[in-house]
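Novice: Handing you a structure now.
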Amino acid sequence: FHTIHNDAPKEISNKFEFYLRRFFYSTSIVRAITISKDTSSSFLKFYKTTKFKEILNGRSFPKTTSKLEAVKAEIQQPDYTSFIHVGRFSNQKNQEVLVSVFNKIVAKGYKVKLFVIGPGFDSQTAKKLKEKAGDHIHFLGSKHNIADYYHAADAFCLSSVHEGMPITLIEAFACGCIPICTPAGGVKNMITDGKNGYLSNSFSEEDYCNKVKTFLKHKDKIDRNHLKELFYSTYHMNVCATNYINVYLENLSHGSEKIAIKSI
């Protein structure tokens with residue numbers, strides 16, 4: 001079994017790997033698992049085979065720690081709206097657009113704070129990006145209590161140019177942290193704009209900026225409890241694990257057994 005985590009073409013490095021994968025997938029020697037409708041579509045188009053199973057990513061509930069109150073004191077300020085971004089520094093995550101957008105938002109007079117959590121911001125390229133960021137953007141580095149930040153923040157920002165089905169977005173749902181995302185890969189299958197988050201029309205800086213402003217103007221439009229319900233019904237690890245085990249059993253016994261996991 002092999003899980004495809006991104007657009008299918010992005011996971012191979014050369015033609016030999018492509019032909020090798022296509023042989024194993026098409027003959028079912030290796031059973032391909034895709035993680036979103038978008039990933040499934042790219043797999044079908046790229047490998048020209050329907051021999052795959054779509055199973056959405058899953059995550060256990062992100063539990064808060066004893067540091068929650070300290071985190072609230074750190075990022076929650078009167079009259080300010082707090083945003084978090086969780087991800088390593090990379091071209092994929094497109095933090096360049098994120099910094100530029102929040103600089104513009106502040107220039108428009110909005111009172112916002114953006115907290116960037118993740119490794120890799122010590123490179124020369126990252127340092128140049130940090131120099132562009134105003135004092136309303138805070139780079140916190142890696143954290144072992146990320147759940148505290150999801151629970152304390154008003155919104156979660158994801159500005160990626162490509163994704164499969166990001167765990168960070170699933171974590172935001174679980175904590176009731178409203179997501180504002182670009183239409184990267186499986187993200188556009190997860191978010192219905194204005195219902196369970198905000199999805200920009202494109203990857204452009206202008207479109208993403210507009211969605212951040214839309215959220216700021218309608219902060220109470222989305223029910224945070226609805227996000228948590230969505231997590232438990234669709235993205236909880238229990239759901240994901242049950243689907244994986246049933247696929248294993250189908251291949252072992254040709255579908256003669258089914259099981260359900262009550263708790264993990």
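Here, A, B, ... name the chains of the structure tokens in the order displayed, residue numbers run from 1 inside each chain, and ligands are numbered from 1 in the same displayed order.
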Any idea what's packed within 12 Å of Ala70 of chain A, counting only C-alpha atoms, ignoring anything in its chain fewer than 4 positions away? Could you give it as number ranges by chain?
Specialist: A: 64-66, 74-76, 145, 148-149, 152
Novice: I need the chosen residues saved as a PDB file, in the first residue's frame, with all heavy atoms.
Specialist:
```pdb
ATOM      1  N   THR A  64      -4.878  20.588  24.279  1.00  0.00           N
ATOM      2  CA  THR A  64      -4.192  21.750  24.854  1.00  0.00           C
ATOM      3  C   THR A  64      -3.287  21.303  25.988  1.00  0.00           C
ATOM      4  O   THR A  64      -3.384  20.177  26.489  1.00  0.00           O
ATOM      5  CB  THR A  64      -5.201  22.777  25.386  1.00  0.00           C
ATOM      6  OG1 THR A  64      -6.048  22.144  26.359  1.00  0.00           O
ATOM      7  CG2 THR A  64      -6.065  23.323  24.262  1.00  0.00           C
ATOM      8  N   THR A  65      -2.390  22.200  26.395  1.00  0.00           N
ATOM      9  CA  THR A  65      -1.450  21.895  27.472  1.00  0.00           C
ATOM     10  C   THR A  65      -1.646  22.898  28.614  1.00  0.00           C
ATOM     11  O   THR A  65      -2.496  23.792  28.548  1.00  0.00           O
ATOM     12  CB  THR A  65       0.007  21.985  26.969  1.00  0.00           C
ATOM     13  OG1 THR A  65       0.358  23.371  26.798  1.00  0.00           O
ATOM     14  CG2 THR A  65       0.184  21.240  25.658  1.00  0.00           C
ATOM     15  N   SER A  66      -0.819  22.762  29.605  1.00  0.00           N
ATOM     16  CA  SER A  66      -0.864  23.673  30.757  1.00  0.00           C
ATOM     17  C   SER A  66      -0.432  25.093  30.369  1.00  0.00           C
ATOM     18  O   SER A  66      -0.587  26.025  31.159  1.00  0.00           O
ATOM     19  CB  SER A  66       0.038  23.154  31.879  1.00  0.00           C
ATOM     20  OG  SER A  66       1.386  23.031  31.421  1.00  0.00           O
ATOM     21  N   GLU A  74      -0.291  35.751  25.442  1.00  0.00           N
ATOM     22  CA  GLU A  74       0.730  36.115  24.454  1.00  0.00           C
ATOM     23  C   GLU A  74       0.126  36.651  23.163  1.00  0.00           C
ATOM     24  O   GLU A  74       0.619  37.634  22.611  1.00  0.00           O
ATOM     25  CB  GLU A  74       1.589  34.881  24.137  1.00  0.00           C
ATOM     26  CG  GLU A  74       2.629  35.099  23.054  1.00  0.00           C
ATOM     27  CD  GLU A  74       3.336  33.814  22.654  1.00  0.00           C
ATOM     28  OE1 GLU A  74       2.933  32.727  23.132  1.00  0.00           O
ATOM     29  OE2 GLU A  74       4.285  33.885  21.855  1.00  0.00           O
ATOM     30  N   ILE A  75      -0.957  36.026  22.672  1.00  0.00           N
ATOM     31  CA  ILE A  75      -1.436  36.389  21.336  1.00  0.00           C
ATOM     32  C   ILE A  75      -2.780  37.125  21.309  1.00  0.00           C
ATOM     33  O   ILE A  75      -3.159  37.662  20.275  1.00  0.00           O
ATOM     34  CB  ILE A  75      -1.505  35.153  20.412  1.00  0.00           C
ATOM     35  CG1 ILE A  75      -2.702  34.249  20.775  1.00  0.00           C
ATOM     36  CG2 ILE A  75      -0.210  34.366  20.450  1.00  0.00           C
ATOM     37  CD1 ILE A  75      -2.914  33.132  19.774  1.00  0.00           C
ATOM     38  N   GLN A  76      -3.492  37.119  22.432  1.00  0.00           N
ATOM     39  CA  GLN A  76      -4.773  37.823  22.465  1.00  0.00           C
ATOM     40  C   GLN A  76      -4.606  39.202  23.094  1.00  0.00           C
ATOM     41  O   GLN A  76      -4.171  39.314  24.236  1.00  0.00           O
ATOM     42  CB  GLN A  76      -5.804  37.009  23.258  1.00  0.00           C
ATOM     43  CG  GLN A  76      -6.188  35.695  22.609  1.00  0.00           C
ATOM     44  CD  GLN A  76      -7.176  34.890  23.457  1.00  0.00           C
ATOM     45  OE1 GLN A  76      -7.446  35.225  24.608  1.00  0.00           O
ATOM     46  NE2 GLN A  76      -7.717  33.830  22.892  1.00  0.00           N
ATOM     47  N   ASN A 145       3.585  22.873  21.665  1.00  0.00           N
ATOM     48  CA  ASN A 145       2.218  23.041  22.163  1.00  0.00           C
ATOM     49  C   ASN A 145       1.378  23.807  21.145  1.00  0.00           C
ATOM     50  O   ASN A 145       0.668  24.764  21.472  1.00  0.00           O
ATOM     51  CB  ASN A 145       2.221  23.778  23.501  1.00  0.00           C
ATOM     52  CG  ASN A 145       2.827  25.178  23.406  1.00  0.00           C
ATOM     53  OD1 ASN A 145       3.797  25.403  22.677  1.00  0.00           O
ATOM     54  ND2 ASN A 145       2.244  26.130  24.128  1.00  0.00           N
ATOM     55  N   ASP A 148      -2.369  24.773  21.605  1.00  0.00           N
ATOM     56  CA  ASP A 148      -2.700  25.953  22.411  1.00  0.00           C
ATOM     57  C   ASP A 148      -2.909  27.169  21.520  1.00  0.00           C
ATOM     58  O   ASP A 148      -3.802  27.990  21.764  1.00  0.00           O
ATOM     59  CB  ASP A 148      -1.591  26.238  23.423  1.00  0.00           C
ATOM     60  CG  ASP A 148      -1.441  25.143  24.462  1.00  0.00           C
ATOM     61  OD1 ASP A 148      -2.431  24.422  24.705  1.00  0.00           O
ATOM     62  OD2 ASP A 148      -0.340  25.008  25.014  1.00  0.00           O
ATOM     63  N   TYR A 149      -2.095  27.279  20.479  1.00  0.00           N
ATOM     64  CA  TYR A 149      -2.192  28.433  19.572  1.00  0.00           C
ATOM     65  C   TYR A 149      -3.429  28.347  18.690  1.00  0.00           C
ATOM     66  O   TYR A 149      -4.083  29.360  18.428  1.00  0.00           O
ATOM     67  CB  TYR A 149      -0.919  28.539  18.726  1.00  0.00           C
ATOM     68  CG  TYR A 149       0.274  29.000  19.527  1.00  0.00           C
ATOM     69  CD1 TYR A 149       1.076  28.085  20.219  1.00  0.00           C
ATOM     70  CD2 TYR A 149       0.589  30.347  19.634  1.00  0.00           C
ATOM     71  CE1 TYR A 149       2.154  28.511  20.983  1.00  0.00           C
ATOM     72  CE2 TYR A 149       1.672  30.790  20.394  1.00  0.00           C
ATOM     73  CZ  TYR A 149       2.448  29.854  21.070  1.00  0.00           C
ATOM     74  OH  TYR A 149       3.506  30.275  21.822  1.00  0.00           O
ATOM     75  N   ALA A 152      -6.306  29.410  20.844  1.00  0.00           N
ATOM     76  CA  ALA A 152      -6.264  30.809  21.284  1.00  0.00           C
ATOM     77  C   ALA A 152      -6.469  31.807  20.147  1.00  0.00           C
ATOM     78  O   ALA A 152      -6.931  32.927  20.380  1.00  0.00           O
ATOM     79  CB  ALA A 152      -4.941  31.094  21.981  1.00  0.00           C
TER      80      ALA A 152
END
```
Novice: What's the 12 Å shell around Asp122 of chain A, counting only C-alpha atoms, without same-chain residues fewer than 2 positions away, as a ChimeraX atom specification?
Specialist: /A:88-90,118-120,124-131,139-142
Novice: Between atom CA of Phe115 of chain A and atom CA of Asp135 of chain A, what is the spacing in Å?
Specialist: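 These atoms are spaced 10.8 Å apart.
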Novice: Hey, which of A:Leu169, A:Thr182, A:Lys93, A:Asn238 ends up closest to Asp207 of chain A? Count only C-alpha atoms.
Specialist: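 Looking at the shortest contact to Asp207 of chain A, the residue is A:Thr182.
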Novice: List the neighbours of segment 192-194 of chain A out to 9 Å using only C-alpha atoms; skip same-chain residues closer than 5 positions along the sequence, and give me the result as a PyMOL selection string.
Specialist: chain A and resi 199-200+215+221-222
Novice: Out of segment 122-202 of chain A, which residues get strand (DSSP E or B) from DSSP, as a ChimeraX atom specification?
Specialist: /A:137-141,155-158,178-181,198-199
Novice: Counting only C-alpha atoms, which residue out of A:Lys188, A:Phe102, A:Asn243, A:Ala153 sits closest to Tyr208 of chain A?
Specialist: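 So, comparing all the options, the nearest one is A:Phe102.
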Novice: Using only C-alpha atoms, can you tell me which of A:Ser100, A:Asn57, A:Asn251, A:Asn189 comes closest to Asp38 of chain A?
Specialist: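 Answer, going by the shortest atom-to-atom distance: A:Asn189.
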Novice: Could you list, as a list in words, every residue within 8 Å of Ser42 of chain A, counting only C-alpha atoms and ignoring same-chain residues fewer than 6 positions away?
Specialist: Asp7, Ala8 and Pro9 of chain A
Novice: Could you tell me how far atom CA of Gly164 of chain A sits from atom CA of His5 of chain A, in Å to one decimal place?
Specialist: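 Here the two named atoms are 5.1 Å from each other.
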Novice: In Å to one decimal, how far is atom CA of Ile33 of chain A from atom CA of Lys45 of chain A?
Specialist: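 Rounded to one decimal, the two atoms are 14.9 Å apart.
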Novice: Env of Arg224 of chain A: 9 Å cut, atoms = only C-alpha atoms, seq-sep filter 5 positions within chain, self excluded. Answer as a PDB file with C-alpha atoms, in the first residue's frame.
Specialist:
```pdb
ATOM      1  CA  PHE A 173     -11.026  22.503  12.172  1.00  0.00           C
ATOM      2  CA  CYS A 175      -9.847  23.501  17.441  1.00  0.00           C
ATOM      3  CA  GLY A 176     -12.543  25.702  15.907  1.00  0.00           C
ATOM      4  CA  CYS A 177      -9.945  28.040  14.412  1.00  0.00           C
ATOM      5  CA  ILE A 178     -11.391  29.567  11.245  1.00  0.00           C
ATOM      6  CA  ASN A 196     -16.479  26.412   7.092  1.00  0.00           C
ATOM      7  CA  GLU A 229     -18.279  18.765  14.343  1.00  0.00           C
TER       8      GLU A 229
END
```
Novice: Just checking: using only C-alpha atoms, which residue out of A:Thr3, A:Thr242, A:Ser36, A:Ser204 ends up closest to Ser159 of chain A?
Specialist: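 Going through A:Thr3, A:Thr242, A:Ser36, A:Ser204 one by one, the smallest distance to Ser159 of chain A is for A:Ser204.
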Novice: Using only C-alpha atoms, determine which residues lie at most 7 Å from Val187 of chain A, disregarding the query and same-chain residues fewer than 4 positions distant; provide the list as a PyMOL selection string.
Specialist: chain A and resi 165+183+191
Novice: Would you mind exporting N, CA and C atoms of the selected residues as a tab-separated table (two decimals), in the first residue's frame?
Specialist:
```tsv
chain	number	residue	atom	x	y	z
A	165	MET	N	-3.68	17.09	1.44
A	165	MET	CA	-4.72	17.41	2.42
A	165	MET	C	-4.01	17.76	3.71
A	183	PRO	N	-6.50	28.09	-2.80
A	183	PRO	CA	-7.13	26.87	-3.37
A	183	PRO	C	-6.09	25.83	-3.79
A	191	ILE	N	-12.79	23.09	2.03
A	191	ILE	CA	-13.41	24.35	2.44
A	191	ILE	C	-14.49	24.79	1.46
```
Novice: Which one is closest to Leu44 of chain A: A:Thr81, A:Ser26, A:Thr168, A:Ser60? Count only C-alpha atoms.
Specialist: A:Ser26
Novice: I need the alpha helix (DSSP H) residues of segment 40-176 of chain A per DSSP on the backbone, written as number ranges by chain.
Specialist: A: 40-47, 68-75, 95-107, 124-132, 146-152, 167-175
Novice: For Val101 of chain A, please output as a list in words all residues within 12 Å (counting only C-alpha atoms; exclusion window: fewer than 4 positions along the same chain).
Specialist: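 In the requested form, the answer reads Asn94, Gln95, Glu96, Val97, Ile105, Val106, Ala107, Lys108, Tyr110, Val112, Leu114, Lys132, Ala133, Gly134, His136, Ile137, Cys157, Ser159, Phe203, Ser204, Glu205, Glu206, Asp207, Tyr208, Cys209, Asn210, Lys211, Val212 and Lys213 of chain A.
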Novice: Let's have the selection written as a tab-separated table (two decimals), in the first residue's frame, with N, CA, C and O atoms.
Specialist:
```tsv
chain	number	residue	atom	x	y	z
A	94	ASN	N	4.63	29.33	0.70
A	94	ASN	CA	4.40	30.66	0.13
A	94	ASN	C	4.25	31.76	1.19
A	94	ASN	O	3.37	32.61	1.10
A	95	GLN	N	5.13	31.75	2.19
A	95	GLN	CA	5.03	32.75	3.26
A	95	GLN	C	5.32	34.17	2.76
A	95	GLN	O	4.96	35.14	3.43
A	96	GLU	N	5.95	34.28	1.61
A	96	GLU	CA	6.20	35.60	1.02
A	96	GLU	C	4.89	36.35	0.81
A	96	GLU	O	4.78	37.53	1.15
A	97	VAL	N	3.89	35.67	0.27
A	97	VAL	CA	2.58	36.28	0.06
A	97	VAL	C	1.92	36.61	1.39
A	97	VAL	O	1.32	37.67	1.57
A	105	ILE	N	-2.65	44.71	5.05
A	105	ILE	CA	-3.80	44.76	5.94
A	105	ILE	C	-3.58	45.80	7.04
A	105	ILE	O	-4.47	46.61	7.36
A	106	VAL	N	-2.39	45.81	7.61
A	106	VAL	CA	-2.06	46.78	8.66
A	106	VAL	C	-2.04	48.20	8.08
A	106	VAL	O	-2.51	49.16	8.73
A	107	ALA	N	-1.50	48.35	6.88
A	107	ALA	CA	-1.46	49.67	6.23
A	107	ALA	C	-2.86	50.22	6.00
A	107	ALA	O	-3.05	51.45	5.94
A	108	LYS	N	-3.85	49.32	5.88
A	108	LYS	CA	-5.25	49.74	5.70
A	108	LYS	C	-5.91	50.13	7.01
A	108	LYS	O	-7.05	50.59	7.03
A	110	TYR	N	-6.23	48.04	9.81
A	110	TYR	CA	-6.75	46.92	10.61
A	110	TYR	C	-5.79	46.59	11.75
A	110	TYR	O	-4.57	46.63	11.57
A	112	VAL	N	-4.33	43.84	13.58
A	112	VAL	CA	-4.14	42.40	13.49
A	112	VAL	C	-2.74	42.02	13.97
A	112	VAL	O	-1.82	42.84	13.97
A	114	LEU	N	-0.13	38.55	13.38
A	114	LEU	CA	0.09	37.26	12.75
A	114	LEU	C	1.24	36.56	13.47
A	114	LEU	O	2.33	37.13	13.61
A	132	LYS	N	11.26	42.07	5.96
A	132	LYS	CA	10.13	42.74	5.29
A	132	LYS	C	8.91	42.84	6.20
A	132	LYS	O	8.04	43.68	5.99
A	133	ALA	N	8.85	41.94	7.17
A	133	ALA	CA	7.67	41.86	8.03
A	133	ALA	C	7.64	43.01	9.02
A	133	ALA	O	8.65	43.36	9.63
A	134	GLY	N	6.46	43.59	9.20
A	134	GLY	CA	6.29	44.65	10.18
A	134	GLY	C	6.24	44.07	11.59
A	134	GLY	O	6.28	42.84	11.78
A	136	HIS	N	3.91	43.70	13.45
A	136	HIS	CA	2.65	42.99	13.72
A	136	HIS	C	2.77	41.50	13.36
A	136	HIS	O	1.83	40.74	13.57
A	137	ILE	N	3.92	41.11	12.81
A	137	ILE	CA	4.15	39.70	12.44
A	137	ILE	C	5.25	39.15	13.34
A	137	ILE	O	6.34	39.70	13.42
A	157	CYS	N	-4.13	30.75	8.93
A	157	CYS	CA	-3.79	31.14	7.56
A	157	CYS	C	-2.94	30.09	6.87
A	157	CYS	O	-1.94	29.63	7.43
A	159	SER	N	-1.28	29.72	2.98
A	159	SER	CA	-1.10	30.41	1.69
A	159	SER	C	-0.34	29.56	0.68
A	159	SER	O	0.29	30.07	-0.23
A	203	PHE	N	-4.31	32.17	-6.32
A	203	PHE	CA	-3.13	32.23	-5.47
A	203	PHE	C	-2.53	33.63	-5.41
A	203	PHE	O	-1.49	33.84	-4.79
A	204	SER	N	-3.20	34.58	-6.02
A	204	SER	CA	-2.66	35.94	-6.08
A	204	SER	C	-2.72	36.62	-4.71
A	204	SER	O	-3.57	36.32	-3.87
A	205	GLU	N	-1.81	37.53	-4.53
A	205	GLU	CA	-1.75	38.30	-3.29
A	205	GLU	C	-3.04	39.09	-3.08
A	205	GLU	O	-3.57	39.15	-1.96
A	206	GLU	N	-3.56	39.66	-4.14
A	206	GLU	CA	-4.78	40.47	-4.04
A	206	GLU	C	-5.97	39.63	-3.59
A	206	GLU	O	-6.73	40.04	-2.71
A	207	ASP	N	-6.13	38.45	-4.18
A	207	ASP	CA	-7.27	37.61	-3.83
A	207	ASP	C	-7.17	37.10	-2.38
A	207	ASP	O	-8.18	37.04	-1.66
A	208	TYR	N	-5.96	36.75	-1.96
A	208	TYR	CA	-5.82	36.27	-0.59
A	208	TYR	C	-6.06	37.41	0.40
A	208	TYR	O	-6.72	37.24	1.43
A	209	CYS	N	-5.59	38.59	0.06
A	209	CYS	CA	-5.80	39.77	0.90
A	209	CYS	C	-7.29	40.06	1.05
A	209	CYS	O	-7.78	40.37	2.14
A	210	ASN	N	-8.03	39.90	-0.04
A	210	ASN	CA	-9.48	40.13	0.01
A	210	ASN	C	-10.18	39.17	0.95
A	210	ASN	O	-11.14	39.55	1.64
A	211	LYS	N	-9.72	37.92	1.00
A	211	LYS	CA	-10.35	36.94	1.88
A	211	LYS	C	-10.04	37.23	3.35
A	211	LYS	O	-10.89	37.04	4.22
A	212	VAL	N	-8.83	37.70	3.62
A	212	VAL	CA	-8.51	38.08	5.00
A	212	VAL	C	-9.40	39.24	5.44
A	212	VAL	O	-9.94	39.24	6.55
A	213	LYS	N	-9.58	40.21	4.55
A	213	LYS	CA	-10.45	41.35	4.87
A	213	LYS	C	-11.91	40.92	5.02
A	213	LYS	O	-12.63	41.45	5.88
```
